[in-house]
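Peer 1: I'd like to ask some things about the structure below.
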Amino acid sequence: EVEKFKKQTLDAQMTAATMGTMTTAQTVQSLITQDQSVASDKALESPWRGAEAYHLYLVAQRQLYEGHNEQAMKTALRLADYEDILDTQTIYSIIALTTYYMKYFLQCSKAFIKLEASPDISEEMRTKFSDLALRIFTRNPPRDPRGREIPCPKCNTKMHDYCVFCPSCNYRLPFCVASGRSIFPEERAGGMHAPEDAAGVLGGPSGVTKCRCCRHRMYTSEVRKLRNCPLCHSRLDAAYSNETKF
């Protein structure tokens, strides 16, 4: 829809120019002004961002209720990148809960700091969060267990597999819309560079695929039983979804 809007605007401007109702300078200035107005609107520039935020929140909740605490933690940690969409209490409550279950007490402590310091949260709730944090961290020092580390695709710095950004170069890792996991190069096994099929899936039978409609990525192993994209719900290739070969 965003691209349609831009194309319609450009066609209208060019039509006015060819009919002689606008000078060349006026046409150029009008196009520049229109482009700046569109670029300044975050909703137009990132039309899927709001959908991503609520989708990831629902995925984290589902994973949590299904008992997949590690996956829920990785998905919840990514929500910190959506503070412009979701409120502070929504984001950091689920981060605190999932990291507590996984005993990642450093990440849990950071979440509680956000909850206790946020002016958007009532004083009563901040007091409750403070009391709860005191009970948790008097028994559990704010330390994370040793976990899996993977090199950053940009700078090769070792980083935890739950990271959303590289701590060294600040590179933002893409994520799987089916599972919420960050996508690393060695886990995609070349699937990203395979040709696009006629039914709306980019990629091959292994690694990572991309929805042709919303262009979001997902691990092949996560969508084998799905008929539709987890984010935009457009149809995926039925034959590919039922593929069992890795």
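If you're wondering about the labels, chains in the structure tokens are A, B, ... by order shown, residues count from 1 in each chain, ligands from 1 in order shown.
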Write out as JSON, numbers by chain each polymer residue whose atoms come within 12 Å of stretch 70-77 of chain A, counting only C-alpha atoms; drop sequence neighbours fewer than 4 positions from it.
Peer 2: {"A": [52, 53, 54, 55, 56, 57, 58, 59, 60, 61, 62, 63, 64, 65, 66, 81, 82, 83, 90, 91, 92, 93, 94, 95, 96, 97, 98, 99, 100, 101, 102, 103, 104, 105, 107, 108, 110, 111, 147, 160, 161, 162, 163, 164, 165, 175, 176, 177, 178, 179, 180, 181, 182, 183]}
Peer 1: Quick check, in Å to one decimal: how far apart do atom CA of A:His233 and atom CA of A:Asp87 lie?
Peer 2: 25.4 Å
Peer 1: Quick one: pull the distance between atom CA of A:Arg235 and atom CA of A:His216, Å, one decimal.
Peer 2: 13.4 Å
Peer 1: Which value, in Å to one decimal, gives the distance between atom CA of A:Pro142 and atom CA of A:Ala117?
Peer 2: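 Taking atom CA of A:Pro142 as the start and atom CA of A:Ala117 as the end point, the length is 17.7 Å.
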Peer 1: Taking 3 positions as the minimum chain separation for residues in the same chain, which residues sit within 9 Å of A:Pro141 when counting only C-alpha atoms? Answer as a list of chain:residue names.
Peer 2: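 The residues satisfying every condition are A:Phe105, A:Leu106, A:Ile136, A:Phe137, A:Thr138.
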Peer 1: Got time to write the residues from that selection, all heavy atoms, as a CSV table (one decimal), in the first residue's frame?
Peer 2:
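Result file again_5.csv:
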```
chain,number,residue,atom,x,y,z
A,105,PHE,N,19.3,-13.7,35.3
A,105,PHE,CA,19.0,-12.7,36.2
A,105,PHE,C,19.5,-11.3,35.9
A,105,PHE,O,19.0,-10.3,36.4
A,105,PHE,CB,19.4,-13.1,37.6
A,105,PHE,CG,18.6,-14.3,38.1
A,105,PHE,CD1,19.2,-15.5,38.4
A,105,PHE,CD2,17.3,-14.2,38.4
A,105,PHE,CE1,18.5,-16.6,38.8
A,105,PHE,CE2,16.5,-15.3,38.8
A,105,PHE,CZ,17.1,-16.5,39.1
A,106,LEU,N,20.6,-11.2,35.1
A,106,LEU,CA,21.1,-9.9,34.6
A,106,LEU,C,20.0,-9.3,33.7
A,106,LEU,O,19.7,-8.1,33.9
A,106,LEU,CB,22.4,-10.1,33.9
A,106,LEU,CG,23.0,-8.8,33.3
A,106,LEU,CD1,23.2,-7.7,34.4
A,106,LEU,CD2,24.3,-9.1,32.6
A,136,ILE,N,13.5,-11.0,44.7
A,136,ILE,CA,14.2,-11.8,43.7
A,136,ILE,C,15.7,-11.7,43.8
A,136,ILE,O,16.4,-12.7,43.9
A,136,ILE,CB,13.8,-11.5,42.3
A,136,ILE,CG1,12.3,-11.9,42.0
A,136,ILE,CG2,14.7,-12.2,41.2
A,136,ILE,CD1,11.7,-11.4,40.7
A,137,PHE,N,16.2,-10.5,43.9
A,137,PHE,CA,17.7,-10.3,43.8
A,137,PHE,C,18.4,-10.4,45.1
A,137,PHE,O,19.6,-10.3,45.1
A,137,PHE,CB,18.0,-9.0,43.0
A,137,PHE,CG,17.4,-9.0,41.6
A,137,PHE,CD1,16.3,-8.2,41.2
A,137,PHE,CD2,17.9,-9.9,40.7
A,137,PHE,CE1,15.8,-8.2,40.0
A,137,PHE,CE2,17.4,-10.0,39.4
A,137,PHE,CZ,16.3,-9.1,39.0
A,138,THR,N,17.7,-10.5,46.2
A,138,THR,CA,18.4,-10.7,47.5
A,138,THR,C,18.8,-12.2,47.5
A,138,THR,O,19.7,-12.6,48.2
A,138,THR,CB,17.5,-10.4,48.7
A,138,THR,OG1,16.2,-11.1,48.5
A,138,THR,CG2,17.3,-8.9,48.8
```
Peer 1: Where does DSSP see strand (DSSP E or B) in stretch 39-194 of chain A, if you list the residues as a ChimeraX atom specification?
Peer 2: /A:149-151,158-160,165,172,175,182
